[in-house]
Amino acid sequence: MGLPALEFSDCCLDSPQFRERLKSHEAELDKTNKFIKELIKDGKSLIAALKNLSSAKRKFADSLNDFKFRCIGDAETDDEICIAKSLQEFAAVLRNLEDERMRMIENASEVLITPLEKFRKEQIGAAKEAKKKYDKETEKYCGVLEKHLNLSSKKKESQLQEADSQVDLVRQHFYEVSLEYVFKVQEVQERKMFEFVEPLLAFLQGLFTFYHHGYELAKDFSDFKTELTISIQNTRNRFEGTRSEVEALMKKMKENPHEHKNISPYTMEGYLYVQEKRHFGTSWVKHYCTYQSDSKRITMVPFDQKSGGKGGEDEAITLKSCTRRKTDSIEKRFCFDVEAVDRPGVITMQALSEEDRRLWMEAMDGREPVYNSNKDNQSEGTAQLDNMGFSIVKKCIHAVETRGINEQGLYRIVGVNSRVQKLLSILMDPKTAETEDDICAEWEIKTITSALKTYLRMLPGPLMMYQFQRSFIKAAKLENQESRISEIHSLVHRLPEKNRHMLHLLMNHLANVAKNHKQNLMTVANLGVVFGPTLMRPQEETVAAIMDIKFQNIVVEILIENHEKVFNTVPDTQQSNSQLLLSRKRSTDSKPPSCSERPLTLFHTVQPNEKQENRNSIINSSLESVISSNMNSFLRSNSTPQCHMNSSDPDLEVIKPSRPNSLPQNPSPTSPLSPSWPMFSAPSSPMPTSSTSSDSSPIRSVAGLRVSFCLSKLLLLLLLLLLYFKLIHFCFPPASNSFNTQLISKNYFRSSPFRKARALYACKAEHDSELSFTAGTVFDNVHPSQEPGWLEGTLNGKTGLIPENYVEFL
């Protein structure tokens, strides 16, 4: 049902029915206003979506246009050409269509959004302003009328006439406003029929134009579509015809792969693993290698099939000889050695199988190996500490100090590997070594420094020797700087003369480099980082070796800073040893030892690398204290009802072991007060063992004089040990056949499981299960723990683990 008409005559009466009809028109205007507002919002969303769709289709068209078909073979058929250009044709159609869409989108904003917003603001907005004015005049007219009716009749006639005229004026104004408002409401209701619908019609016309354009494009594309369909069908038919032939050939290749190999320009090619020397040992890198017998050129390309990428630069060498490696000479299988004309040293390669190695050996005219029976004289490379080696090092040092001492990043910036290898081959050639005294100026400084470092790495062993590695590292770990220098000074003079002379030559040079650190930026610390792994490379690449790199750097720094003292003076062995022991004692007393530094078990296992003279001194110094004192007190303090022997028997007094209840204040490695029996030791202070005490010359001389005496005592000691173990097993039957720390601890505490103990040393806990304490702390409820070498006790209400050799029992 439609809206009722608003009569102008009703404006004067302003009846309730008129007001109801007016409200229905106002509600319709509000509904229209909300609908237009919502329609504008949806129209903007539609336009934005059309823009996104157009952008996506354009991106899709660009992707089609950029892709190019590449067919197998060096020529294409007409059908393949048609298929190859089809993607570009698809892209052109899509772009043309999207151009028309963009024109539609641009027009949509003008023909739809703008007219609707104009109608809503100008027409519906004006009707709302008229309603506000009408409501305001209605309120004013009603107020004046009520006031006028409340006038007293006793007022003067003139006043009453004035009030009547004023009411008439207000009524007339209200009537005029009412007429204008009714007129505007009916005008908007009539205007919306065309001003609202016309923009929608224009928008739909744009859509029809767009779709008509798409129809025209489809008609134009139909000829190419037909041609493309035929080409696709022809290509499919040819594929079905050739697929069976290709499959048959594949089956033949599976059955006889060697009969269908392609003709290769190379005599031999395939994958080989090449051994490469690193700072911490060697590694095997996979290469794709080719060999031409005419030129004897081997090309090696580092390539990883898993990642599908090259692992470095290509390298080409000229073959000199090829020799098979015996299985017992190397841990890897299928190996052979190659020597090159233009590269020093031997290159070890590993084939993929025994047959593969045979083919490579045949292609390279390989020969069987001839090994020297004296394997100790064999070296890993051709670099040696001979006259030529010293000459090479001196030439490199002279070139660096005369031409590049101020070059930034000296020894840190590496040269090109091929140039470095070429320079080394020239320097190591006996013919050129005798004729040329200096390195030519054409060689870059970074190439010369890299050649020097590479030559030092090519030596059969590191310059500072494998057997002294641990001693140098221990020296660098000392707390006192003077002790470090003294210990390293002593170790350097134990190196062979050639090694020491070469090290002296190198350290003098590095000191000169460090003096110019303001120009070359190579401080002593930087040089230590560069030369530490080179001069002290370990035998095996392990995590422990990597962790020791920082101490290798410290050793090199000390050598550079103190090169004059280290190489020009002779160390005092006795003085250095005493200073070393004193420094270690001070370092131990100055800080609380951590749980990782203290001994954890009651057994002392003799290390295989301990010197014979150290063992002799230990036996001589501790034999009497262990047998006559410690054994006697052990059984006396731990006699139980289980043992029925007479403790006063003189034959058993000698072999009664004991566990001392106190520690000596200053134990020394050779003091009779220090229980240093090689098989059983009482708790001792957490002092590290001297790395030089076993190498000192006075101990070595004394041990040599007492060899015969020590042998007799050793025999006596073995007999006493046998009797001792029999006694222990008789008095304290073990739960198993193994005699360990837990067995001794359990029997030791059997008579009194909970005792008090006092700390002899301070300790800082490294785990939540341990207790931290200072020297003199008293523990309650101390009893053996299941952890070997540990006790359980209570301190301040907390129960935790205590190192067994850090306490004495009260």
# chains A, B, ... in the order shown; residues from 1 in each chain; ligands from 1
>>> residues_around(residues="Gln305 of chain A", least_positions_apart="4", cutoff="10 Å", atoms="only C-alpha atoms", output="ChimeraX atom specification")
/A:286-287,309-310
>>> atom_distance(atom1="atom CA of Gly409 of chain A", atom2="atom CA of Lys565 of chain A")
27.5 Å
>>> residues_around(residues="Gly366 of chain A", least_positions_apart="2", cutoff="6 Å", atoms="only C-alpha atoms", output="list in words")
Cys322, Thr323, Met361 and Met364 of chain A
>>> select_by_dssp(residues="segment 372-459 of chain A", states="alpha helix (DSSP H)", output="JSON, numbers by chain")
{"A": [387, 388, 389, 390, 391, 392, 393, 394, 395, 396, 397, 398, 399, 400, 401, 402, 403, 417, 418, 419, 420, 421, 422, 423, 424, 425, 426, 427, 430, 431, 432, 433, 434, 435, 445, 446, 447, 448, 449, 450, 451, 452, 453, 454, 455, 456, 457, 458]}
>>> write_last_selection(atoms="N, CA and C atoms", output="CSV table (one decimal), in the first residue's frame")
chain,number,residue,atom,x,y,z
A,387,ASN,N,117.3,-27.4,4.3
A,387,ASN,CA,117.8,-26.1,3.8
A,387,ASN,C,116.8,-25.4,2.9
A,388,MET,N,116.1,-26.2,2.1
A,388,MET,CA,115.1,-25.6,1.2
A,388,MET,C,114.0,-25.0,2.0
A,389,GLY,N,113.5,-25.7,3.0
A,389,GLY,CA,112.5,-25.2,3.8
A,389,GLY,C,112.8,-23.9,4.5
A,390,PHE,N,114.0,-23.8,5.1
A,390,PHE,CA,114.4,-22.5,5.7
A,390,PHE,C,114.6,-21.4,4.6
A,391,SER,N,115.1,-21.8,3.4
A,391,SER,CA,115.2,-20.9,2.3
A,391,SER,C,113.9,-20.3,1.9
A,392,ILE,N,112.8,-21.2,1.8
A,392,ILE,CA,111.5,-20.7,1.4
A,392,ILE,C,110.9,-19.7,2.5
A,393,VAL,N,111.1,-20.1,3.7
A,393,VAL,CA,110.5,-19.2,4.8
A,393,VAL,C,111.3,-17.9,4.8
A,394,LYS,N,112.6,-17.9,4.7
A,394,LYS,CA,113.3,-16.7,4.7
A,394,LYS,C,113.0,-15.8,3.5
A,395,LYS,N,112.8,-16.4,2.3
A,395,LYS,CA,112.4,-15.6,1.2
A,395,LYS,C,111.0,-14.9,1.4
A,396,CYS,N,110.1,-15.7,1.9
A,396,CYS,CA,108.8,-15.1,2.2
A,396,CYS,C,108.8,-14.0,3.2
A,397,ILE,N,109.6,-14.2,4.3
A,397,ILE,CA,109.7,-13.2,5.4
A,397,ILE,C,110.4,-11.9,4.8
A,398,HIS,N,111.4,-12.1,4.0
A,398,HIS,CA,112.1,-11.0,3.4
A,398,HIS,C,111.2,-10.2,2.5
A,399,ALA,N,110.4,-10.9,1.7
A,399,ALA,CA,109.5,-10.2,0.8
A,399,ALA,C,108.4,-9.4,1.6
A,400,VAL,N,107.9,-10.0,2.6
A,400,VAL,CA,106.9,-9.3,3.4
A,400,VAL,C,107.5,-8.1,4.1
A,401,GLU,N,108.6,-8.2,4.8
A,401,GLU,CA,109.2,-7.1,5.5
A,401,GLU,C,109.7,-6.0,4.7
A,402,THR,N,110.1,-6.3,3.4
A,402,THR,CA,110.6,-5.2,2.5
A,402,THR,C,109.5,-4.6,1.7
A,403,ARG,N,108.4,-5.3,1.4
A,403,ARG,CA,107.4,-4.8,0.5
A,403,ARG,C,106.1,-4.6,1.1
A,417,ASN,N,93.8,-19.4,-4.1
A,417,ASN,CA,94.5,-20.7,-3.9
A,417,ASN,C,95.3,-21.2,-5.1
A,418,SER,N,94.9,-21.0,-6.3
A,418,SER,CA,95.7,-21.4,-7.5
A,418,SER,C,97.0,-20.6,-7.5
A,419,ARG,N,97.0,-19.3,-7.2
A,419,ARG,CA,98.2,-18.5,-7.2
A,419,ARG,C,99.1,-19.0,-6.1
A,420,VAL,N,98.6,-19.3,-4.9
A,420,VAL,CA,99.4,-19.8,-3.8
A,420,VAL,C,100.1,-21.1,-4.2
A,421,GLN,N,99.3,-22.0,-4.8
A,421,GLN,CA,99.9,-23.3,-5.2
A,421,GLN,C,101.0,-23.1,-6.2
A,422,LYS,N,100.8,-22.2,-7.1
A,422,LYS,CA,101.8,-22.0,-8.2
A,422,LYS,C,103.1,-21.4,-7.6
A,423,LEU,N,102.9,-20.4,-6.6
A,423,LEU,CA,104.1,-19.9,-6.0
A,423,LEU,C,104.9,-20.9,-5.2
A,424,LEU,N,104.1,-21.8,-4.5
A,424,LEU,CA,104.8,-22.9,-3.7
A,424,LEU,C,105.5,-23.8,-4.6
A,425,SER,N,104.9,-24.1,-5.8
A,425,SER,CA,105.6,-25.1,-6.7
A,425,SER,C,106.9,-24.5,-7.2
A,426,ILE,N,106.9,-23.1,-7.4
A,426,ILE,CA,108.1,-22.5,-7.9
A,426,ILE,C,109.2,-22.5,-6.8
A,427,LEU,N,108.8,-22.1,-5.5
A,427,LEU,CA,109.7,-22.0,-4.4
A,427,LEU,C,110.3,-23.4,-4.1
A,430,PRO,N,113.7,-27.4,-7.0
A,430,PRO,CA,115.2,-27.2,-6.7
A,430,PRO,C,115.9,-26.4,-7.7
A,431,LYS,N,115.4,-26.4,-9.0
A,431,LYS,CA,116.1,-25.7,-10.0
A,431,LYS,C,116.0,-24.2,-9.8
A,432,THR,N,114.8,-23.7,-9.6
A,432,THR,CA,114.6,-22.3,-9.3
A,432,THR,C,115.0,-21.8,-8.0
A,433,ALA,N,115.0,-22.7,-7.0
A,433,ALA,CA,115.5,-22.3,-5.6
A,433,ALA,C,116.9,-21.9,-5.6
A,434,GLU,N,117.7,-22.5,-6.4
A,434,GLU,CA,119.2,-22.2,-6.4
A,434,GLU,C,119.5,-20.9,-7.2
A,435,THR,N,118.7,-20.6,-8.2
A,435,THR,CA,119.0,-19.5,-9.1
A,435,THR,C,118.3,-18.2,-8.6
A,445,ILE,N,101.4,-9.6,-1.9
A,445,ILE,CA,101.8,-9.9,-0.5
A,445,ILE,C,100.8,-10.9,0.1
A,446,LYS,N,99.5,-10.9,-0.2
A,446,LYS,CA,98.6,-11.9,0.4
A,446,LYS,C,98.9,-13.3,-0.2
A,447,THR,N,99.4,-13.3,-1.4
A,447,THR,CA,99.8,-14.6,-1.9
A,447,THR,C,101.0,-15.2,-1.2
A,448,ILE,N,102.0,-14.3,-0.9
A,448,ILE,CA,103.2,-14.7,-0.3
A,448,ILE,C,102.9,-15.2,1.2
A,449,THR,N,102.1,-14.4,1.9
A,449,THR,CA,101.8,-14.8,3.3
A,449,THR,C,101.0,-16.1,3.3
A,450,SER,N,100.1,-16.3,2.4
A,450,SER,CA,99.3,-17.5,2.3
A,450,SER,C,100.2,-18.7,2.0
A,451,ALA,N,101.2,-18.5,1.1
A,451,ALA,CA,102.2,-19.5,0.8
A,451,ALA,C,103.0,-19.9,2.0
A,452,LEU,N,103.4,-18.9,2.8
A,452,LEU,CA,104.2,-19.2,4.0
A,452,LEU,C,103.3,-20.1,5.0
A,453,LYS,N,102.1,-19.7,5.2
A,453,LYS,CA,101.2,-20.4,6.1
A,453,LYS,C,101.0,-21.8,5.6
A,454,THR,N,100.7,-21.9,4.3
A,454,THR,CA,100.5,-23.3,3.7
A,454,THR,C,101.7,-24.2,3.8
A,455,TYR,N,102.9,-23.6,3.6
A,455,TYR,CA,104.1,-24.4,3.7
A,455,TYR,C,104.2,-25.0,5.2
A,456,LEU,N,103.9,-24.2,6.2
A,456,LEU,CA,104.0,-24.6,7.5
A,456,LEU,C,103.0,-25.7,7.8
A,457,ARG,N,101.8,-25.6,7.2
A,457,ARG,CA,100.8,-26.7,7.4
A,457,ARG,C,101.2,-27.9,6.6
A,458,MET,N,102.0,-27.8,5.6
A,458,MET,CA,102.4,-29.0,4.8
A,458,MET,C,103.5,-29.8,5.5
>>> select_by_dssp(residues="segment 303-473 of chain A", states="strand (DSSP E or B)", output="list of chain:residue names")
A:Phe303, A:Asp304, A:Gly309, A:Lys310, A:Glu315, A:Ala316, A:Ile317, A:Thr318, A:Leu319, A:Lys320, A:Ser321, A:Cys322, A:Thr323, A:Arg324, A:Cys335, A:Phe336, A:Asp337, A:Val338, A:Glu339, A:Ala340, A:Val346, A:Ile347, A:Thr348, A:Met349, A:Gln350, A:Arg367
>>> atom_distance(atom1="atom CA of Leu491 of chain A", atom2="atom CA of Met464 of chain A")
9.4 Å
>>> atom_distance(atom1="atom CA of Lys155 of chain A", atom2="atom CA of Gly143 of chain A")
19.8 Å
>>> residues_around(residues="segment 214-225 of chain A", least_positions_apart="5", cutoff="9 Å", atoms="only C-alpha atoms", output="VMD selection string")
chain A and resid 86 89 93 96 to 97 100 209 230
>>> write_last_selection(atoms="all heavy atoms", output="PDB file, in the first residue's frame")
ATOM      1  N   SER A  86      51.135 -19.922 -27.605  1.00  0.00           N
ATOM      2  CA  SER A  86      49.766 -19.874 -27.090  1.00  0.00           C
ATOM      3  C   SER A  86      49.676 -19.100 -25.789  1.00  0.00           C
ATOM      4  O   SER A  86      48.704 -18.372 -25.546  1.00  0.00           O
ATOM      5  CB  SER A  86      49.225 -21.301 -26.905  1.00  0.00           C
ATOM      6  OG  SER A  86      49.987 -21.998 -25.926  1.00  0.00           O
ATOM      7  N   GLU A  89      49.404 -15.506 -26.485  1.00  0.00           N
ATOM      8  CA  GLU A  89      48.081 -15.165 -26.987  1.00  0.00           C
ATOM      9  C   GLU A  89      47.065 -15.095 -25.848  1.00  0.00           C
ATOM     10  O   GLU A  89      46.229 -14.181 -25.795  1.00  0.00           O
ATOM     11  CB  GLU A  89      47.632 -16.199 -28.017  1.00  0.00           C
ATOM     12  CG  GLU A  89      48.398 -16.149 -29.330  1.00  0.00           C
ATOM     13  CD  GLU A  89      48.094 -14.888 -30.114  1.00  0.00           C
ATOM     14  OE1 GLU A  89      46.984 -14.357 -29.973  1.00  0.00           O
ATOM     15  OE2 GLU A  89      48.978 -14.421 -30.853  1.00  0.00           O
ATOM     16  N   VAL A  93      44.818 -11.709 -24.688  1.00  0.00           N
ATOM     17  CA  VAL A  93      43.360 -11.672 -24.535  1.00  0.00           C
ATOM     18  C   VAL A  93      42.977 -11.190 -23.137  1.00  0.00           C
ATOM     19  O   VAL A  93      42.090 -10.336 -22.966  1.00  0.00           O
ATOM     20  CB  VAL A  93      42.766 -13.061 -24.824  1.00  0.00           C
ATOM     21  CG1 VAL A  93      41.290 -13.097 -24.449  1.00  0.00           C
ATOM     22  CG2 VAL A  93      42.950 -13.423 -26.282  1.00  0.00           C
ATOM     23  N   ASN A  96      43.636  -7.434 -22.757  1.00  0.00           N
ATOM     24  CA  ASN A  96      42.631  -6.642 -23.467  1.00  0.00           C
ATOM     25  C   ASN A  96      41.328  -6.600 -22.671  1.00  0.00           C
ATOM     26  O   ASN A  96      40.690  -5.541 -22.529  1.00  0.00           O
ATOM     27  CB  ASN A  96      42.384  -7.252 -24.852  1.00  0.00           C
ATOM     28  CG  ASN A  96      41.670  -6.302 -25.775  1.00  0.00           C
ATOM     29  OD1 ASN A  96      40.933  -5.432 -25.339  1.00  0.00           O
ATOM     30  ND2 ASN A  96      41.883  -6.456 -27.073  1.00  0.00           N
ATOM     31  N   LEU A  97      40.942  -7.726 -22.136  1.00  0.00           N
ATOM     32  CA  LEU A  97      39.709  -7.793 -21.357  1.00  0.00           C
ATOM     33  C   LEU A  97      39.811  -6.947 -20.091  1.00  0.00           C
ATOM     34  O   LEU A  97      38.856  -6.265 -19.701  1.00  0.00           O
ATOM     35  CB  LEU A  97      39.418  -9.253 -21.009  1.00  0.00           C
ATOM     36  CG  LEU A  97      38.049  -9.563 -20.404  1.00  0.00           C
ATOM     37  CD1 LEU A  97      36.944  -9.207 -21.400  1.00  0.00           C
ATOM     38  CD2 LEU A  97      37.958 -11.032 -20.017  1.00  0.00           C
ATOM     39  N   GLU A 100      39.353  -3.170 -20.656  1.00  0.00           N
ATOM     40  CA  GLU A 100      37.946  -2.779 -20.699  1.00  0.00           C
ATOM     41  C   GLU A 100      37.327  -2.770 -19.305  1.00  0.00           C
ATOM     42  O   GLU A 100      36.496  -1.903 -18.979  1.00  0.00           O
ATOM     43  CB  GLU A 100      37.170  -3.747 -21.607  1.00  0.00           C
ATOM     44  CG  GLU A 100      35.722  -3.383 -21.832  1.00  0.00           C
ATOM     45  CD  GLU A 100      35.559  -2.059 -22.561  1.00  0.00           C
ATOM     46  OE1 GLU A 100      36.501  -1.655 -23.288  1.00  0.00           O
ATOM     47  OE2 GLU A 100      34.510  -1.419 -22.380  1.00  0.00           O
ATOM     48  N   THR A 209      28.376  -3.475 -21.418  1.00  0.00           N
ATOM     49  CA  THR A 209      29.410  -3.105 -22.396  1.00  0.00           C
ATOM     50  C   THR A 209      30.666  -3.944 -22.207  1.00  0.00           C
ATOM     51  O   THR A 209      31.285  -4.400 -23.179  1.00  0.00           O
ATOM     52  CB  THR A 209      29.742  -1.614 -22.265  1.00  0.00           C
ATOM     53  OG1 THR A 209      28.543  -0.848 -22.418  1.00  0.00           O
ATOM     54  CG2 THR A 209      30.766  -1.193 -23.301  1.00  0.00           C
ATOM     55  N   ILE A 230      44.072 -28.188 -32.768  1.00  0.00           N
ATOM     56  CA  ILE A 230      44.637 -29.156 -33.716  1.00  0.00           C
ATOM     57  C   ILE A 230      46.105 -29.433 -33.393  1.00  0.00           C
ATOM     58  O   ILE A 230      46.556 -30.586 -33.410  1.00  0.00           O
ATOM     59  CB  ILE A 230      44.480 -28.627 -35.158  1.00  0.00           C
ATOM     60  CG1 ILE A 230      42.999 -28.515 -35.512  1.00  0.00           C
ATOM     61  CG2 ILE A 230      45.207 -29.528 -36.147  1.00  0.00           C
ATOM     62  CD1 ILE A 230      42.739 -27.820 -36.826  1.00  0.00           C
TER      63      ILE A 230
END
>>> residues_around(residues="segment 127-134 of chain A", least_positions_apart="2", cutoff="7 Å", atoms="only C-alpha atoms", output="list in words")
Gln123, Ile124, Gly125, Lys136, Glu137, Thr138, Val177, Ser178, Tyr181, Lys184 and Val185 of chain A
>>> write_last_selection(atoms="N, CA and C atoms", output="compact mmCIF listing (two decimals), in the first residue's frame")
# COMPACT_ATOMS: atom_id res chain seq x y z
N GLN A 123 19.02 16.17 -1.43
CA GLN A 123 17.57 16.01 -1.34
C GLN A 123 17.14 15.52 0.05
N ILE A 124 17.64 14.37 0.41
CA ILE A 124 17.24 13.83 1.72
C ILE A 124 17.79 14.71 2.83
N GLY A 125 19.00 15.24 2.67
CA GLY A 125 19.56 16.14 3.67
C GLY A 125 18.74 17.39 3.83
N LYS A 136 10.95 22.95 15.34
CA LYS A 136 11.28 24.10 16.17
C LYS A 136 10.13 25.11 16.18
N GLU A 137 9.52 25.36 15.02
CA GLU A 137 8.41 26.30 14.95
C GLU A 137 7.17 25.75 15.67
N THR A 138 6.99 24.44 15.60
CA THR A 138 5.86 23.83 16.30
C THR A 138 5.98 24.06 17.80
N VAL A 177 5.88 27.64 7.47
CA VAL A 177 6.93 26.61 7.63
C VAL A 177 6.35 25.24 7.40
N SER A 178 5.13 25.00 7.87
CA SER A 178 4.49 23.71 7.70
C SER A 178 4.25 23.41 6.23
N TYR A 181 7.59 22.49 4.53
CA TYR A 181 8.07 21.16 4.91
C TYR A 181 7.31 20.06 4.17
N LYS A 184 8.51 19.88 0.62
CA LYS A 184 9.84 19.25 0.44
C LYS A 184 9.74 17.75 0.59
N VAL A 185 8.93 17.29 1.53
CA VAL A 185 8.80 15.85 1.75
C VAL A 185 8.23 15.19 0.50
>>> residues_around(residues="Thr318 of chain A", least_positions_apart="2", cutoff="12 Å", atoms="only C-alpha atoms", output="count of residues only")
24
>>> residues_around(residues="Val524 of chain A", least_positions_apart="4", cutoff="7 Å", atoms="only C-alpha atoms", output="MDAnalysis selection string")
chainID A and resid 514 528 557
